[in-house]
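Below is coords13.cif, which holds mmCIF, N, CA and C atoms.
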```
data_structure
loop_
_atom_site.group_PDB
_atom_site.id
_atom_site.type_symbol
_atom_site.label_atom_id
_atom_site.label_comp_id
_atom_site.auth_asym_id
_atom_site.auth_seq_id
_atom_site.Cartn_x
_atom_site.Cartn_y
_atom_site.Cartn_z
ATOM 1 N N MET A 1 -12.529 -14.410 3.933
ATOM 2 C CA MET A 1 -12.465 -12.975 3.734
ATOM 3 C C MET A 1 -13.488 -12.302 4.650
ATOM 4 N N ASN A 2 -13.206 -11.056 4.983
ATOM 5 C CA ASN A 2 -14.176 -10.307 5.775
ATOM 6 C C ASN A 2 -14.525 -9.021 5.038
ATOM 7 N N ALA A 3 -15.278 -8.159 5.679
ATOM 8 C CA ALA A 3 -15.764 -6.936 5.020
ATOM 9 C C ALA A 3 -14.643 -5.995 4.593
ATOM 10 N N ARG A 4 -13.471 -6.071 5.224
ATOM 11 C CA ARG A 4 -12.375 -5.164 4.887
ATOM 12 C C ARG A 4 -11.417 -5.734 3.851
ATOM 13 N N HIS A 5 -11.566 -7.007 3.508
ATOM 14 C CA HIS A 5 -10.627 -7.660 2.610
ATOM 15 C C HIS A 5 -11.347 -8.329 1.448
ATOM 16 N N VAL A 6 -10.674 -8.384 0.313
ATOM 17 C CA VAL A 6 -11.133 -9.147 -0.842
ATOM 18 C C VAL A 6 -9.947 -9.982 -1.324
ATOM 19 N N GLU A 7 -10.222 -10.925 -2.198
ATOM 20 C CA GLU A 7 -9.147 -11.750 -2.738
ATOM 21 C C GLU A 7 -8.917 -11.358 -4.190
ATOM 22 N N SER A 8 -7.642 -11.183 -4.554
ATOM 23 C CA SER A 8 -7.300 -10.820 -5.928
ATOM 24 C C SER A 8 -7.407 -12.053 -6.832
ATOM 25 N N ALA A 9 -7.275 -11.837 -8.128
ATOM 26 C CA ALA A 9 -7.335 -12.934 -9.099
ATOM 27 C C ALA A 9 -6.251 -13.977 -8.847
ATOM 28 N N ASN A 10 -5.113 -13.539 -8.266
ATOM 29 C CA ASN A 10 -4.036 -14.495 -8.006
ATOM 30 C C ASN A 10 -4.080 -15.052 -6.586
ATOM 31 N N GLY A 11 -5.144 -14.750 -5.846
ATOM 32 C CA GLY A 11 -5.337 -15.327 -4.520
ATOM 33 C C GLY A 11 -4.774 -14.530 -3.365
ATOM 34 N N TRP A 12 -4.211 -13.370 -3.629
ATOM 35 C CA TRP A 12 -3.661 -12.544 -2.554
ATOM 36 C C TRP A 12 -4.784 -11.765 -1.878
ATOM 37 N N THR A 13 -4.636 -11.550 -0.583
ATOM 38 C CA THR A 13 -5.606 -10.746 0.151
ATOM 39 C C THR A 13 -5.333 -9.269 -0.106
ATOM 40 N N ILE A 14 -6.389 -8.545 -0.447
ATOM 41 C CA ILE A 14 -6.274 -7.112 -0.719
ATOM 42 C C ILE A 14 -7.209 -6.376 0.234
ATOM 43 N N GLU A 15 -6.696 -5.332 0.849
ATOM 44 C CA GLU A 15 -7.554 -4.520 1.707
ATOM 45 C C GLU A 15 -8.352 -3.561 0.837
ATOM 46 N N LYS A 16 -9.630 -3.394 1.142
ATOM 47 C CA LYS A 16 -10.526 -2.593 0.318
ATOM 48 C C LYS A 16 -10.367 -1.101 0.537
ATOM 49 N N GLU A 17 -9.777 -0.705 1.653
ATOM 50 C CA GLU A 17 -9.762 0.704 2.022
ATOM 51 C C GLU A 17 -8.468 1.048 2.758
ATOM 52 N N ALA A 18 -7.860 2.164 2.391
ATOM 53 C CA ALA A 18 -6.657 2.635 3.088
ATOM 54 C C ALA A 18 -7.053 3.524 4.259
ATOM 55 N N ASN A 19 -6.173 3.615 5.233
ATOM 56 C CA ASN A 19 -6.323 4.532 6.372
ATOM 57 C C ASN A 19 -7.519 4.212 7.266
ATOM 58 N N HIS A 20 -7.929 2.959 7.294
ATOM 59 C CA HIS A 20 -9.099 2.591 8.085
ATOM 60 C C HIS A 20 -8.847 1.254 8.775
ATOM 61 N N VAL A 21 -8.193 1.306 9.941
ATOM 62 C CA VAL A 21 -7.902 0.107 10.717
ATOM 63 C C VAL A 21 -7.324 -0.987 9.811
ATOM 64 N N SER A 22 -6.237 -0.641 9.144
ATOM 65 C CA SER A 22 -5.642 -1.583 8.209
ATOM 66 C C SER A 22 -4.132 -1.449 8.227
ATOM 67 N N THR A 23 -3.475 -2.195 7.350
ATOM 68 C CA THR A 23 -2.030 -2.065 7.191
ATOM 69 C C THR A 23 -1.704 -1.292 5.925
ATOM 70 N N VAL A 24 -2.712 -0.710 5.300
ATOM 71 C CA VAL A 24 -2.518 0.102 4.097
ATOM 72 C C VAL A 24 -2.818 1.555 4.453
ATOM 73 N N TRP A 25 -1.833 2.419 4.193
ATOM 74 C CA TRP A 25 -1.969 3.826 4.540
ATOM 75 C C TRP A 25 -1.533 4.693 3.370
ATOM 76 N N THR A 26 -2.080 5.895 3.285
ATOM 77 C CA THR A 26 -1.657 6.850 2.266
ATOM 78 C C THR A 26 -0.389 7.525 2.762
ATOM 79 N N ARG A 27 0.660 7.425 1.963
ATOM 80 C CA ARG A 27 1.963 7.963 2.358
ATOM 81 C C ARG A 27 2.524 8.847 1.252
ATOM 82 N N PRO A 28 3.243 9.914 1.625
ATOM 83 C CA PRO A 28 3.925 10.719 0.613
ATOM 84 C C PRO A 28 5.199 9.997 0.161
ATOM 85 N N VAL A 29 5.566 10.205 -1.078
ATOM 86 C CA VAL A 29 6.831 9.676 -1.591
ATOM 87 C C VAL A 29 7.786 10.862 -1.667
ATOM 88 N N ALA A 30 8.724 10.921 -0.743
ATOM 89 C CA ALA A 30 9.632 12.062 -0.618
ATOM 90 C C ALA A 30 10.319 12.390 -1.935
ATOM 91 N N GLY A 31 10.338 13.670 -2.256
ATOM 92 C CA GLY A 31 11.045 14.139 -3.435
ATOM 93 C C GLY A 31 10.274 14.014 -4.735
ATOM 94 N N THR A 32 9.018 13.496 -4.674
ATOM 95 C CA THR A 32 8.260 13.295 -5.908
ATOM 96 C C THR A 32 6.978 14.114 -5.981
ATOM 97 N N GLY A 33 6.463 14.544 -4.838
ATOM 98 C CA GLY A 33 5.174 15.226 -4.821
ATOM 99 C C GLY A 33 3.994 14.265 -4.927
ATOM 100 N N LEU A 34 4.263 12.967 -4.908
ATOM 101 C CA LEU A 34 3.216 11.952 -5.024
ATOM 102 C C LEU A 34 2.787 11.451 -3.658
ATOM 103 N N THR A 35 1.552 10.965 -3.568
ATOM 104 C CA THR A 35 1.104 10.179 -2.423
ATOM 105 C C THR A 35 0.559 8.874 -2.982
ATOM 106 N N VAL A 36 0.783 7.791 -2.261
ATOM 107 C CA VAL A 36 0.320 6.473 -2.699
ATOM 108 C C VAL A 36 -0.292 5.726 -1.526
ATOM 109 N N ASP A 37 -1.269 4.883 -1.824
ATOM 110 C CA ASP A 37 -1.814 3.965 -0.827
ATOM 111 C C ASP A 37 -0.920 2.738 -0.851
ATOM 112 N N ILE A 38 -0.289 2.439 0.285
ATOM 113 C CA ILE A 38 0.739 1.406 0.302
ATOM 114 C C ILE A 38 0.712 0.654 1.629
ATOM 115 N N ARG A 39 1.024 -0.626 1.580
ATOM 116 C CA ARG A 39 1.113 -1.427 2.806
ATOM 117 C C ARG A 39 2.372 -0.985 3.554
ATOM 118 N N ILE A 40 2.235 -0.693 4.843
ATOM 119 C CA ILE A 40 3.363 -0.190 5.616
ATOM 120 C C ILE A 40 4.359 -1.308 5.913
ATOM 121 N N GLY A 41 5.591 -0.921 6.160
ATOM 122 C CA GLY A 41 6.634 -1.881 6.511
ATOM 123 C C GLY A 41 7.621 -2.073 5.375
ATOM 124 N N ASP A 42 8.106 -3.302 5.236
ATOM 125 C CA ASP A 42 9.114 -3.614 4.224
ATOM 126 C C ASP A 42 8.621 -3.295 2.813
ATOM 127 N N VAL A 43 7.369 -3.617 2.532
ATOM 128 C CA VAL A 43 6.804 -3.344 1.201
ATOM 129 C C VAL A 43 6.870 -1.855 0.895
ATOM 130 N N GLU A 44 6.540 -1.031 1.874
ATOM 131 C CA GLU A 44 6.594 0.424 1.692
ATOM 132 C C GLU A 44 8.012 0.862 1.333
ATOM 133 N N ALA A 45 8.994 0.396 2.067
ATOM 134 C CA ALA A 45 10.378 0.807 1.826
ATOM 135 C C ALA A 45 10.829 0.444 0.415
ATOM 136 N N ILE A 46 10.496 -0.751 -0.026
ATOM 137 C CA ILE A 46 10.914 -1.199 -1.360
ATOM 138 C C ILE A 46 10.196 -0.427 -2.457
ATOM 139 N N LEU A 47 8.876 -0.310 -2.361
ATOM 140 C CA LEU A 47 8.129 0.369 -3.414
ATOM 141 C C LEU A 47 8.431 1.856 -3.493
ATOM 142 N N VAL A 48 8.623 2.508 -2.374
ATOM 143 C CA VAL A 48 8.986 3.925 -2.385
ATOM 144 C C VAL A 48 10.344 4.089 -3.062
ATOM 145 N N HIS A 49 11.273 3.203 -2.797
ATOM 146 C CA HIS A 49 12.586 3.260 -3.449
ATOM 147 C C HIS A 49 12.414 3.116 -4.967
ATOM 148 N N VAL A 50 11.607 2.174 -5.405
ATOM 149 C CA VAL A 50 11.387 1.969 -6.844
ATOM 150 C C VAL A 50 10.738 3.193 -7.479
ATOM 151 N N ILE A 51 9.725 3.742 -6.824
ATOM 152 C CA ILE A 51 9.034 4.934 -7.360
ATOM 153 C C ILE A 51 10.012 6.087 -7.489
ATOM 154 N N ARG A 52 10.812 6.306 -6.461
ATOM 155 C CA ARG A 52 11.759 7.428 -6.491
ATOM 156 C C ARG A 52 12.820 7.235 -7.557
ATOM 157 N N SER A 53 13.269 6.020 -7.782
ATOM 158 C CA SER A 53 14.328 5.789 -8.771
ATOM 159 C C SER A 53 13.785 5.875 -10.192
ATOM 160 N N GLU A 54 12.504 5.679 -10.391
ATOM 161 C CA GLU A 54 11.896 5.745 -11.731
ATOM 162 C C GLU A 54 11.483 7.160 -12.102
ATOM 163 N N ARG A 55 11.419 8.064 -11.142
ATOM 164 C CA ARG A 55 10.954 9.421 -11.406
ATOM 165 C C ARG A 55 12.009 10.293 -11.938
#
```

Please render this file's structure as C-alpha coordinates.
Amino acid sequence: MNARHVESANGWTIEKEANHVSTVWTRPVAGTGLTVDIRIGDVEAILVHVIRSER
(Lines of atoms letter the chains of each structure in order from A and count residues from 1; the text may use other names and numbers.)
(Lines give C-alpha, C1' and ligand atoms only; values in the text may rest on other atoms or scores of the structure.)
Protein backbone atom coordinates (compact mmCIF):
# COMPACT_ATOMS: atom_id res chain seq x y z
CA MET A 1 0.00 0.00 0.00
CA ASN A 2 1.08 3.58 -0.47
CA ALA A 3 -0.02 6.94 0.94
CA ARG A 4 -3.02 7.16 -1.43
CA HIS A 5 -4.35 3.65 -0.82
CA VAL A 6 -5.52 1.55 2.11
CA GLU A 7 -6.71 -2.03 2.29
CA SER A 8 -10.30 -2.83 3.25
CA ALA A 9 -11.29 -5.58 5.70
CA ASN A 10 -11.88 -7.90 2.74
CA GLY A 11 -8.49 -7.15 1.19
CA TRP A 12 -9.58 -4.79 -1.58
CA THR A 13 -7.53 -1.69 -2.31
CA ILE A 14 -9.39 1.51 -1.47
CA GLU A 15 -8.29 4.97 -2.51
CA LYS A 16 -8.26 7.41 0.41
CA GLU A 17 -9.20 10.50 -1.58
CA ALA A 18 -11.34 11.30 -4.62
CA ASN A 19 -10.37 13.77 -7.35
CA HIS A 20 -6.66 13.62 -6.53
CA VAL A 21 -4.56 11.72 -9.08
CA SER A 22 -6.73 8.66 -8.72
CA THR A 23 -9.37 6.56 -10.44
CA VAL A 24 -12.05 7.78 -8.03
CA TRP A 25 -13.86 10.96 -8.98
CA THR A 26 -16.92 12.85 -7.77
CA ARG A 27 -19.61 12.47 -10.41
CA PRO A 28 -23.22 13.64 -10.70
CA VAL A 29 -25.91 10.99 -11.04
CA ALA A 30 -28.13 12.28 -13.84
CA GLY A 31 -31.77 12.77 -12.93
CA THR A 32 -31.22 12.39 -9.17
CA GLY A 33 -29.56 15.58 -7.96
CA LEU A 34 -26.94 13.40 -6.23
CA THR A 35 -23.16 13.39 -6.53
CA VAL A 36 -21.10 10.35 -5.53
CA ASP A 37 -17.42 9.50 -5.23
CA ILE A 38 -17.06 6.59 -7.63
CA ARG A 39 -14.37 4.67 -9.50
CA ILE A 40 -14.56 5.69 -13.16
CA GLY A 41 -15.20 3.20 -15.95
CA ASP A 42 -17.35 0.08 -15.89
CA VAL A 43 -17.97 0.35 -12.14
CA GLU A 44 -19.31 3.88 -12.61
CA ALA A 45 -21.73 2.80 -15.34
CA ILE A 46 -23.13 -0.07 -13.28
CA LEU A 47 -23.46 1.79 -9.99
CA VAL A 48 -25.01 4.88 -11.56
CA HIS A 49 -27.58 2.61 -13.24
CA VAL A 50 -28.38 0.97 -9.88
CA ILE A 51 -28.67 4.34 -8.08
CA ARG A 52 -30.97 5.73 -10.76
CA SER A 53 -33.21 2.65 -10.78
CA GLU A 54 -33.57 2.71 -6.97
CA ARG A 55 -34.53 6.39 -6.80

Could you check how far atom CA of A:Pro28 sits from atom CA of A:Val48, in Å to one decimal?
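Result for atom CA of A:Pro28 versus atom CA of A:Val48: 9.0 Å, one decimal.
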
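Once stretch 32-46 of chain A and its same-chain neighbours fewer than 3 positions away are set aside, Ala18, Asn19, Ser22, Thr23, Val24, Trp25, Thr26, Arg27, Pro28, Val29, His49, Val50, Ile51, Arg52 and Arg55 of chain A remain within 9 Å of it when counting only C-alpha atoms.
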
Members of chain A assigned alpha helix (DSSP H) by DSSP, as a PyMOL selection string:
chain A and resi 42-54

Between atom C of A:Glu54 and atom C of A:Glu17, what is the distance, to one decimal in Å?
25.6 Å

Atom C of A:Val21 sits from atom N of A:Arg4 at a separation of 9.2 Å

Can you list, as a PyMOL selection string, every residue of chain A that DSSP puts in strand (DSSP E)?
chain A and resi 5-7+13-15+24-29+34-39
